[in-house]
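Coordinates as given in data.txt (compact mmCIF, C-alpha atoms and all ligand atoms):
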# COMPACT_ATOMS: atom_id res chain seq x y z
CA MET C 66 98.78 79.16 130.18
CA THR C 67 95.73 79.44 132.48
CA SER C 68 94.01 82.81 132.15
CA PRO C 69 94.49 85.13 135.14
CA ILE C 70 91.90 85.75 137.82
CA ARG C 71 91.19 89.26 138.98
CA VAL C 72 91.48 89.80 142.71
CA ALA C 73 90.23 93.09 144.11
CA VAL C 74 91.61 94.00 147.54
CA THR C 75 90.49 96.96 149.65
CA GLY C 76 92.55 98.64 152.35
CA ALA C 77 95.51 97.73 150.18
CA ALA C 78 97.96 100.17 151.78
CA GLY C 79 97.11 98.92 155.28
CA GLN C 80 99.10 96.57 157.45
CA ILE C 81 97.18 93.34 156.76
CA CYS C 82 97.54 93.88 153.01
CA TYR C 83 101.27 94.52 153.37
CA ASN C 84 101.43 90.83 154.31
CA LEU C 85 98.53 89.56 152.23
CA LEU C 86 99.30 90.88 148.74
CA PHE C 87 102.68 89.19 148.50
CA ARG C 88 101.19 85.83 149.43
CA ILE C 89 98.43 86.16 146.82
CA ALA C 90 101.02 87.13 144.20
CA SER C 91 103.24 84.16 145.12
CA GLY C 92 100.38 81.70 144.50
CA GLU C 93 99.60 80.69 148.09
CA MET C 94 95.93 81.66 147.87
CA PHE C 95 94.87 80.48 144.40
CA GLY C 96 97.56 77.94 143.59
CA LYS C 97 101.01 77.89 142.05
CA ASP C 98 99.62 77.58 138.49
CA GLN C 99 97.05 80.36 138.70
CA PRO C 100 98.12 83.79 137.39
CA VAL C 101 96.54 86.77 139.13
CA ILE C 102 95.81 90.43 138.45
CA LEU C 103 95.67 92.55 141.62
CA GLN C 104 93.14 95.41 141.64
CA LEU C 105 94.00 97.48 144.71
CA LEU C 106 91.60 99.96 146.29
CA GLU C 107 92.49 102.65 148.80
CA ILE C 108 90.81 105.84 149.92
CA PRO C 109 91.30 108.69 147.43
CA VAL C 110 93.71 110.66 149.64
CA GLU C 111 97.03 111.62 148.07
CA ALA C 112 99.28 110.37 150.88
CA VAL C 113 97.46 107.01 151.01
CA GLN C 114 97.49 106.61 147.22
CA ASN C 115 101.26 107.30 147.35
CA ALA C 116 101.69 104.64 150.01
CA LEU C 117 99.72 102.25 147.78
CA LYS C 118 102.08 103.03 144.88
CA GLY C 119 104.97 102.10 147.17
CA VAL C 120 103.36 98.72 147.88
CA ALA C 121 102.86 98.16 144.14
CA MET C 122 106.55 99.02 143.56
CA GLU C 123 107.54 96.34 146.07
CA LEU C 124 105.24 93.84 144.37
CA ASP C 125 106.99 94.71 141.08
CA ASP C 126 110.36 94.29 142.73
CA SER C 127 109.43 90.80 143.90
CA ALA C 128 109.19 89.67 140.24
CA PHE C 129 106.40 87.19 140.99
CA PRO C 130 105.94 85.00 137.89
CA LEU C 131 102.17 84.67 138.55
CA LEU C 132 101.48 88.40 138.95
CA GLN C 133 100.33 89.66 135.55
CA ASP C 134 99.22 93.19 136.41
CA ILE C 135 98.63 95.57 139.32
CA ILE C 136 95.94 98.25 139.22
CA CYS C 137 96.03 100.91 141.95
CA THR C 138 92.94 103.06 142.33
CA GLY C 139 90.76 105.17 144.58
CA ASP C 140 87.66 104.29 142.56
CA GLU C 141 85.50 101.30 143.57
CA GLN C 142 84.16 100.87 140.04
CA VAL C 143 87.71 100.39 138.75
CA ALA C 144 88.82 98.15 141.61
CA PHE C 145 85.89 95.73 141.40
CA LYS C 146 85.62 95.69 137.57
CA ASP C 147 85.39 92.04 136.42
CA ALA C 148 86.80 90.87 139.78
CA ASN C 149 86.50 87.13 140.46
CA TRP C 150 87.30 87.64 144.14
CA CYS C 151 86.81 90.76 146.25
CA LEU C 152 88.74 90.76 149.51
CA LEU C 153 87.27 93.54 151.64
CA VAL C 154 89.99 94.25 154.18
CA GLY C 155 89.71 98.03 154.47
CA SER C 156 87.40 99.62 157.00
CA LYS C 157 87.25 102.57 159.32
CA PRO C 158 88.96 101.90 162.66
CA ARG C 159 87.33 102.78 165.95
CA GLY C 160 88.56 106.21 166.97
CA PRO C 161 89.05 107.51 170.54
CA GLY C 162 85.73 107.89 172.34
CA MET C 163 83.79 106.43 169.40
CA GLU C 164 80.71 104.40 170.28
CA ARG C 165 80.32 100.92 168.81
CA ALA C 166 77.05 101.99 167.17
CA ASP C 167 78.88 104.82 165.35
CA LEU C 168 81.55 102.39 164.21
CA LEU C 169 78.87 100.06 162.86
CA LYS C 170 77.14 102.87 161.02
CA ASP C 171 80.29 104.49 159.59
CA ASN C 172 81.47 101.16 158.28
CA GLY C 173 77.98 100.35 157.09
CA LYS C 174 78.20 103.29 154.67
CA ILE C 175 81.45 101.94 153.22
CA PHE C 176 79.97 98.47 152.73
CA ILE C 177 76.77 99.80 151.16
CA GLY C 178 78.89 101.55 148.52
CA GLN C 179 81.19 98.60 147.98
CA GLY C 180 78.28 96.11 147.82
CA ARG C 181 76.58 98.17 145.12
CA ALA C 182 79.80 98.58 143.13
CA ILE C 183 80.53 94.84 143.31
CA ASP C 184 77.02 94.03 142.14
CA ALA C 185 77.36 96.51 139.27
CA VAL C 186 80.78 95.62 137.86
CA ALA C 187 82.30 92.41 139.31
CA ALA C 188 82.52 89.16 137.33
CA ASP C 189 79.47 86.87 137.29
CA ASP C 190 81.35 84.24 139.33
CA CYS C 191 82.50 86.79 141.92
CA ARG C 192 83.07 85.71 145.53
CA VAL C 193 83.55 88.12 148.43
CA ALA C 194 85.44 87.69 151.70
CA VAL C 195 85.11 90.38 154.37
CA VAL C 196 87.84 91.00 156.94
CA GLY C 197 87.27 94.66 157.85
CA ASN C 198 85.55 94.87 161.21
CA PRO C 199 82.87 94.43 162.40
CA CYS C 200 83.23 91.85 159.65
CA ASN C 201 80.05 89.78 160.14
CA THR C 202 77.77 92.81 160.03
CA ASN C 203 79.77 94.58 157.30
CA CYS C 204 79.34 91.42 155.23
CA MET C 205 75.58 91.37 155.85
CA ILE C 206 75.32 95.04 154.81
CA GLY C 207 77.40 94.54 151.64
CA ALA C 208 75.39 91.47 150.62
CA SER C 209 72.11 93.29 151.24
CA GLN C 210 72.96 95.67 148.39
CA CYS C 211 73.39 92.91 145.82
CA LYS C 212 70.93 91.30 143.45
CA ARG C 213 73.34 89.61 141.05
CA ILE C 214 76.00 88.39 143.52
CA GLY C 215 73.89 86.36 145.97
CA PRO C 216 74.35 86.18 149.77
CA GLU C 217 75.88 82.69 149.52
CA ARG C 218 78.85 84.34 147.75
CA TRP C 219 79.50 86.69 150.69
CA THR C 220 81.57 85.28 153.56
CA ALA C 221 83.34 86.86 156.53
CA MET C 222 86.50 85.64 158.22
CA THR C 223 86.80 83.71 161.47
CA ARG C 224 89.69 81.58 160.22
CA LEU C 225 92.20 83.57 162.24
CA ASP C 226 90.16 82.68 165.33
CA GLN C 227 90.11 79.01 164.32
CA ASN C 228 93.89 79.05 163.82
CA ARG C 229 94.38 80.75 167.19
CA ALA C 230 92.21 78.11 168.89
CA VAL C 231 94.02 75.20 167.22
CA SER C 232 97.36 76.62 168.27
CA GLN C 233 96.25 77.05 171.92
CA LEU C 234 94.97 73.45 172.10
CA ALA C 235 98.13 72.05 170.49
CA GLN C 236 100.34 73.93 172.96
CA LYS C 237 98.28 72.87 175.97
CA ALA C 238 98.30 69.20 174.90
CA GLY C 239 101.95 69.31 173.81
CA VAL C 240 101.16 68.00 170.33
CA PRO C 241 101.88 69.28 166.80
CA ILE C 242 99.32 71.58 165.16
CA THR C 243 98.40 68.79 162.74
CA ALA C 244 97.19 66.61 165.62
CA VAL C 245 94.26 69.01 166.26
CA GLU C 246 91.23 68.53 164.03
CA ASN C 247 87.66 69.75 163.70
CA LEU C 248 87.99 72.89 165.81
CA ILE C 249 85.20 75.18 164.67
CA ILE C 250 84.40 78.76 165.66
CA TYR C 251 80.71 79.61 166.11
CA GLY C 252 79.21 83.09 165.93
CA ASN C 253 80.62 86.58 165.68
CA HIS C 254 84.22 87.59 165.05
CA SER C 255 84.40 89.27 168.45
CA PRO C 256 85.22 88.21 172.01
CA THR C 257 81.78 86.50 172.17
CA MET C 258 82.78 83.88 169.59
CA PHE C 259 82.62 80.26 170.71
CA PRO C 260 85.50 77.91 169.86
CA ASP C 261 83.81 74.49 170.13
CA PHE C 262 86.40 72.34 171.87
CA ALA C 263 83.92 69.56 172.69
CA ASN C 264 83.66 68.38 169.06
CA ALA C 265 87.36 68.88 168.28
CA ARG C 266 89.81 65.98 168.29
CA ILE C 267 93.43 65.63 169.28
CA ASN C 268 95.12 62.66 167.59
CA GLY C 269 91.60 61.37 166.92
CA ALA C 270 90.47 61.49 170.58
CA PRO C 271 88.01 63.99 172.12
CA VAL C 272 89.80 67.08 173.41
CA SER C 273 88.33 66.64 176.89
CA ASP C 274 89.91 63.14 177.09
CA VAL C 275 93.34 64.49 176.15
CA ILE C 276 93.20 67.74 178.15
CA SER C 277 92.00 66.70 181.57
CA ASP C 278 91.93 70.26 182.92
CA HIS C 279 88.33 71.00 181.94
CA GLN C 280 88.33 74.22 183.92
CA TRP C 281 91.14 75.47 181.63
CA LEU C 282 89.04 74.60 178.57
CA ARG C 283 86.01 76.50 179.80
CA GLU C 284 87.58 79.39 181.70
CA THR C 285 90.98 80.06 180.09
CA PHE C 286 90.95 78.66 176.57
CA ILE C 287 87.76 80.40 175.42
CA PRO C 288 88.67 83.93 176.60
CA THR C 289 92.27 83.49 175.43
CA VAL C 290 91.03 82.87 171.89
CA GLY C 291 88.33 85.56 172.11
CA LYS C 292 90.70 88.23 173.41
CA ARG C 293 93.79 87.26 171.43
CA GLY C 294 93.52 90.33 169.20
CA ALA C 295 93.70 92.62 172.25
CA ALA C 296 96.66 90.63 173.63
CA ILE C 297 98.55 91.12 170.34
CA ILE C 298 97.90 94.87 170.45
CA GLU C 299 99.13 94.97 174.04
CA ALA C 300 102.33 93.11 173.13
CA ARG C 301 103.11 94.60 169.72
CA GLY C 302 101.56 98.03 169.96
CA LYS C 303 99.73 97.26 166.70
CA SER C 304 96.91 94.88 165.79
CA SER C 305 97.53 91.46 164.29
CA ALA C 306 98.41 91.73 160.63
CA ALA C 307 100.56 88.81 159.43
CA SER C 308 98.38 86.23 161.16
CA ALA C 309 95.23 87.96 159.85
CA ALA C 310 96.64 87.84 156.31
CA ASN C 311 97.47 84.17 156.87
CA GLY C 312 93.91 83.55 158.07
CA LEU C 313 92.54 85.04 154.87
CA VAL C 314 94.90 82.96 152.72
CA ASP C 315 93.57 79.86 154.53
CA HIS C 316 89.92 81.06 154.27
CA VAL C 317 90.01 81.59 150.50
CA ARG C 318 92.28 78.64 149.67
CA ASP C 319 90.02 76.25 151.62
CA LEU C 320 86.91 77.74 149.97
CA MET C 321 88.46 77.09 146.56
CA THR C 322 89.58 73.53 147.36
CA PRO C 323 86.84 70.87 147.59
CA SER C 324 87.40 68.72 150.69
CA PRO C 325 85.38 66.90 153.36
CA VAL C 326 87.39 68.68 156.08
CA PRO C 327 85.24 71.29 157.86
CA HIS C 328 86.47 74.85 158.33
CA SER C 329 85.00 77.95 159.99
CA ILE C 330 83.52 80.75 157.93
CA CYS C 331 80.76 83.28 158.54
CA VAL C 332 77.81 82.64 156.22
CA PRO C 333 74.18 83.78 156.17
CA SER C 334 72.30 81.84 158.82
CA THR C 335 69.29 79.77 157.88
CA GLY C 336 68.58 79.09 161.54
CA ALA C 337 71.05 76.23 162.10
CA TYR C 338 72.77 75.84 165.48
CA GLY C 339 70.55 78.43 167.17
CA PHE C 340 71.56 81.43 165.03
CA SER C 341 68.85 83.86 163.99
CA GLU C 342 67.96 83.71 160.35
CA GLY C 343 69.77 86.24 158.18
CA VAL C 344 72.71 87.15 160.44
CA TRP C 345 76.17 86.18 159.20
CA ALA C 346 77.40 83.62 161.75
CA SER C 347 80.50 81.46 161.79
CA VAL C 348 79.63 77.76 161.45
CA PRO C 349 81.33 74.61 160.13
CA VAL C 350 81.30 74.34 156.35
CA ILE C 351 82.78 71.94 153.83
CA THR C 352 83.81 73.04 150.37
CA THR C 353 81.87 71.08 147.74
CA ALA C 354 83.19 72.79 144.57
CA PRO C 355 85.60 75.71 144.05
CA GLY C 356 84.00 78.71 145.77
CA THR C 357 80.94 76.72 146.91
CA TYR C 358 80.27 75.41 150.41
CA GLU C 359 77.69 73.50 152.39
CA VAL C 360 77.03 74.08 156.08
CA VAL C 361 77.80 70.89 158.02
CA GLN C 362 74.56 69.70 159.61
CA GLY C 363 73.91 67.77 162.78
CA VAL C 364 76.90 68.67 164.96
CA GLU C 365 75.85 67.87 168.54
CA LEU C 366 76.15 70.80 170.89
CA ASP C 367 75.88 70.44 174.66
CA ASP C 368 74.13 72.92 176.96
CA PHE C 369 77.37 74.82 177.62
CA ALA C 370 77.88 75.32 173.87
CA LYS C 371 74.24 76.31 173.36
CA GLU C 372 74.54 78.95 176.10
CA LYS C 373 77.68 80.42 174.52
CA ILE C 374 76.11 80.42 171.07
CA ALA C 375 73.03 82.22 172.41
CA LEU C 376 75.31 85.02 173.69
CA THR C 377 77.20 85.48 170.43
CA ASN C 378 73.93 85.28 168.48
CA ALA C 379 72.44 88.02 170.70
CA GLU C 380 75.39 90.24 169.80
CA LEU C 381 74.92 89.58 166.08
CA VAL C 382 71.22 90.38 166.35
CA SER C 383 71.93 93.59 168.25
CA GLU C 384 74.48 94.65 165.58
CA ARG C 385 71.84 93.99 162.94
CA ASP C 386 69.31 96.08 164.90
CA THR C 387 71.78 98.97 165.02
CA VAL C 388 72.15 99.04 161.22
CA LYS C 389 68.63 97.93 160.27
CA ASP C 390 68.00 101.17 158.35
CA MET C 391 70.90 100.28 156.05
CA LEU C 392 69.71 96.83 155.01
P1 LIG U 1 94.95 99.41 158.67
O1 LIG U 1 94.37 100.60 159.36
O2 LIG U 1 96.43 99.22 158.68
O3 LIG U 1 94.50 99.45 157.12
C1 LIG U 1 93.19 99.65 156.74
C2 LIG U 1 93.23 100.36 155.42
O4 LIG U 1 91.90 100.44 154.92
C3 LIG U 1 93.76 101.79 155.52
O5 LIG U 1 94.90 101.93 154.67
C4 LIG U 1 92.58 102.64 155.06
O6 LIG U 1 92.99 103.76 154.30
C5 LIG U 1 91.81 101.65 154.22
N1 LIG U 1 90.42 102.00 154.00
C6 LIG U 1 89.55 102.60 154.87
N2 LIG U 1 88.38 102.82 154.28
C7 LIG U 1 88.48 102.33 153.03
C8 LIG U 1 87.58 102.27 151.94
N3 LIG U 1 86.36 102.78 152.03
N4 LIG U 1 88.01 101.71 150.80
C9 LIG U 1 89.25 101.22 150.69
N5 LIG U 1 90.16 101.25 151.69
C10 LIG U 1 89.77 101.80 152.83
O7 LIG U 1 94.18 98.15 159.23
P2 LIG U 1 94.57 96.61 159.14
O8 LIG U 1 95.39 96.27 160.32
O9 LIG U 1 95.08 96.31 157.79
O10 LIG U 1 93.14 95.94 159.40
C11 LIG U 1 92.10 96.03 158.45
C12 LIG U 1 90.78 95.57 159.04
O11 LIG U 1 90.87 94.20 159.41
C13 LIG U 1 90.36 96.30 160.31
O12 LIG U 1 88.98 96.60 160.23
C14 LIG U 1 90.60 95.28 161.40
O13 LIG U 1 89.77 95.50 162.52
C15 LIG U 1 90.23 94.02 160.67
N6 LIG U 1 90.68 92.75 161.25
C16 LIG U 1 89.87 91.68 161.11
C17 LIG U 1 90.23 90.42 161.55
C18 LIG U 1 89.34 89.24 161.36
O14 LIG U 1 89.72 88.16 161.83
N7 LIG U 1 88.19 89.34 160.72
C19 LIG U 1 91.52 90.21 162.28
C20 LIG U 1 92.52 91.29 162.02
C21 LIG U 1 91.97 92.67 161.93
O15 LIG U 1 91.79 93.16 163.24
Written form, structure tokens:
Amino acid sequence: MTSPIRVAVTGAAGQICYNLLFRIASGEMFGKDQPVILQLLEIPVEAVQNALKGVAMELDDSAFPLLQDIICTGDEQVAFKDANWCLLVGSKPRGPGMERADLLKDNGKIFIGQGRAIDAVAADDCRVAVVGNPCNTNCMIGASQCKRIGPERWTAMTRLDQNRAVSQLAQKAGVPITAVENLIIYGNHSPTMFPDFANARINGAPVSDVISDHQWLRETFIPTVGKRGAAIIEARGKSSAASAANGLVDHVRDLMTPSPVPHSICVPSTGAYGFSEGVWASVPVITTAPGTYEVVQGVELDDFAKEKIALTNAELVSERDTVKDML
């Protein structure tokens, strides 16, 4: 039997993880032949640790053949010990009246601690995916604390945004999801992100040939994708959880599966596509070996795309400026 991989997950008693953990344990993230050990981290508060135990009991009660062990802890050093993947979902939510700068700094402290713990105790082949918001900047802060686990191993999630964009295009064109290809998100996981419809294809044809309403593409599609999270909160009274968990399953699975098909992830910028060096920006990547990617080079971007990317880059740079003392 294949030896198990250790998957550390933070925020494990939260609503995204209530969807996510069961899908990891069932083999959807790492494959149906890959046993897993879940190492679950939550804040060391009795009520939250109790809630985490309840989640572990439900995982037990699902009798997943691939799930070899569950560790529940409030200690980062225990959670990240020998972890092959660290899925950083937990973060501090924005409270009433809280400024964005305070949110960035409060979360920065969490990601400094977690970055250091990962560097100290995780497995040599460890990969990290950050979901907790503001995920691009949290990822940059976590990576900045590491010497052993390099920045190329730290990614943040825009796959939910990619999936949202694909779904909007498919519905508008009246085609199945599978007809939409090469839709890539550029920039920050925030309403400034840019879903690049111009290079996407529907049944092999350029999107703007299939969807003749170009005003819809520029003025409705982009904000619909960018503000989808707020629309879900408005409708459901809670933020997106199942679709976020699904996005992370897709993010990690596609990073572990070599393929020439591009997908969107946030990686450290080397200056490509107009992003400032060193910010974590979403760009097209292909997976070249399990856990290893290359940024797709040479995608042609028109002036409209360049303008949008400049805006989302400015936001990433301003987030970095806010936390510069932490890097
Ligand atoms: P919840 O509030 O339900 O759960 C978060 C959990 O994290 C809580 O149980 C909390 O105790 C825990 N936590 C806080 N600090 C921690 C720490 N230092 N160590 C370990 N655990 C800690 O939020 P949920 O809906 O699960 O969302 C989690 C995060 O995902 C949020 O930051 C949210 O903004 C972010 N999202 C990111 C998305 C993306 O596409 N990148 C989309 C969905 C989601 O909005």
Residue contacts of Leu313 of chain C (8 Å, all atoms listed in the file) excluding same-chain residues fewer than 5 positions away, as a ChimeraX atom specification: /C:85,196,222,224-225
Residues within 6 Å of ligand LIG 1 (chain U), counting only C-alpha atoms and all ligand atoms, as a PyMOL selection string: chain C and resi 75-76+78-82+106-108+154-158+175+196-198+200+222-223+225+304-306+309
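The coordinates place atom CA of Pro355 of chain C at 12.0 Å from atom CA of Asn149 of chain C.
Of note, atom CA of Phe95 of chain C and atom CA of Ile206 of chain C are spaced 26.5 Å apart.
The gap separating atom CA of Leu117 of chain C from atom CA of Lys146 of chain C is 18.6 Å, in Å to one decimal.
Within 12 Å of Trp281 of chain C, once all atoms listed in the file are used and residues closer than 3 positions along the same chain are dropped, the contacting residues are Gln233, Leu234, Lys237, Ala238, Phe262, Val272, Ser273, Ile276, Ser277, Asp278, Glu284, Thr285, Phe286, Ile287, Pro288 and Thr289 of chain C.
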Near-Arg218 of chain C list (10 Å; all atoms listed in the file; drop same-chain fewer than 6 positions) as a compact mmCIF listing (two decimals) with C-alpha atoms, keeping the file's coordinate frame:
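Now in part-v8.txt:
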# COMPACT_ATOMS: atom_id res chain seq x y z
CA TRP C 150 87.30 87.64 144.14
CA ASP C 190 81.35 84.24 139.33
CA CYS C 191 82.50 86.79 141.92
CA ARG C 192 83.07 85.71 145.53
CA VAL C 193 83.55 88.12 148.43
CA ALA C 194 85.44 87.69 151.70
CA ALA C 208 75.39 91.47 150.62
CA VAL C 332 77.81 82.64 156.22
CA PRO C 333 74.18 83.78 156.17
CA GLY C 356 84.00 78.71 145.77
CA THR C 357 80.94 76.72 146.91
CA TYR C 358 80.27 75.41 150.41
Residue nearest Phe145 of chain C among C:Gly180, C:Pro130, C:Pro69, C:Gly119 (counting only C-alpha atoms): C:Gly180
Nearest-residue call for Ile250 of chain C, choices C:Val101, C:Lys373, C:Ala300, C:Val348, using only C-alpha atoms: C:Val348
Spatial neighbours of Val326 of chain C, 10 Å, all atoms listed in the file, chain gap at least 3 places, as a PyMOL selection string: chain C and resi 246-247+319+323+349-352
Would you mind writing segment 77-102 of chain C with N, CA and C atoms, as a tab-separated table (two decimals), keeping the file's coordinate frame?
chain	number	residue	atom	x	y	z
C	77	ALA	N	94.31	98.38	150.71
C	77	ALA	CA	95.51	97.73	150.18
C	77	ALA	C	96.81	98.36	150.66
C	78	ALA	N	96.74	99.58	151.22
C	78	ALA	CA	97.96	100.17	151.78
C	78	ALA	C	98.06	99.94	153.29
C	79	GLY	N	97.12	99.17	153.84
C	79	GLY	CA	97.11	98.92	155.28
C	79	GLY	C	98.04	97.79	155.67
C	80	GLN	N	98.09	97.53	156.98
C	80	GLN	CA	99.10	96.57	157.45
C	80	GLN	C	98.76	95.11	157.14
C	81	ILE	N	97.50	94.73	157.13
C	81	ILE	CA	97.18	93.34	156.76
C	81	ILE	C	97.59	93.10	155.30
C	82	CYS	N	97.25	94.07	154.44
C	82	CYS	CA	97.54	93.88	153.01
C	82	CYS	C	99.03	93.88	152.74
C	83	TYR	N	99.82	94.53	153.59
C	83	TYR	CA	101.27	94.52	153.37
C	83	TYR	C	101.81	93.08	153.50
C	84	ASN	N	101.08	92.26	154.22
C	84	ASN	CA	101.43	90.83	154.31
C	84	ASN	C	100.69	90.01	153.26
C	85	LEU	N	99.44	90.37	153.06
C	85	LEU	CA	98.53	89.56	152.23
C	85	LEU	C	98.90	89.56	150.74
C	86	LEU	N	99.17	90.75	150.21
C	86	LEU	CA	99.30	90.88	148.74
C	86	LEU	C	100.44	90.03	148.20
C	87	PHE	N	101.51	89.94	148.96
C	87	PHE	CA	102.68	89.19	148.50
C	87	PHE	C	102.39	87.69	148.48
C	88	ARG	N	101.53	87.26	149.38
C	88	ARG	CA	101.19	85.83	149.43
C	88	ARG	C	100.20	85.48	148.32
C	89	ILE	N	99.32	86.42	147.97
C	89	ILE	CA	98.43	86.16	146.82
C	89	ILE	C	99.29	86.08	145.55
C	90	ALA	N	100.21	87.05	145.43
C	90	ALA	CA	101.02	87.13	144.20
C	90	ALA	C	101.96	85.93	144.07
C	91	SER	N	102.32	85.31	145.20
C	91	SER	CA	103.24	84.16	145.12
C	91	SER	C	102.49	82.86	144.87
C	92	GLY	N	101.15	82.91	144.85
C	92	GLY	CA	100.38	81.70	144.50
C	92	GLY	C	99.87	80.92	145.70
C	93	GLU	N	100.02	81.46	146.91
C	93	GLU	CA	99.60	80.69	148.09
C	93	GLU	C	98.08	80.65	148.25
C	94	MET	N	97.39	81.63	147.69
C	94	MET	CA	95.93	81.66	147.87
C	94	MET	C	95.21	80.88	146.76
C	95	PHE	N	95.62	81.07	145.53
C	95	PHE	CA	94.87	80.48	144.40
C	95	PHE	C	95.64	79.37	143.70
C	96	GLY	N	96.81	79.05	144.17
C	96	GLY	CA	97.56	77.94	143.59
C	96	GLY	C	98.75	78.41	142.76
C	97	LYS	N	99.72	77.54	142.67
C	97	LYS	CA	101.01	77.89	142.05
C	97	LYS	C	100.94	77.93	140.52
C	98	ASP	N	99.78	77.54	139.96
C	98	ASP	CA	99.62	77.58	138.49
C	98	ASP	C	98.62	78.65	138.07
C	99	GLN	N	98.14	79.43	139.02
C	99	GLN	CA	97.05	80.36	138.70
C	99	GLN	C	97.55	81.81	138.66
C	100	PRO	N	97.72	82.38	137.45
C	100	PRO	CA	98.12	83.79	137.39
C	100	PRO	C	97.04	84.70	137.98
C	101	VAL	N	97.48	85.83	138.51
C	101	VAL	CA	96.54	86.77	139.13
C	101	VAL	C	96.80	88.20	138.65
C	102	ILE	N	95.72	88.98	138.65
C	102	ILE	CA	95.81	90.43	138.45
C	102	ILE	C	95.30	91.06	139.74
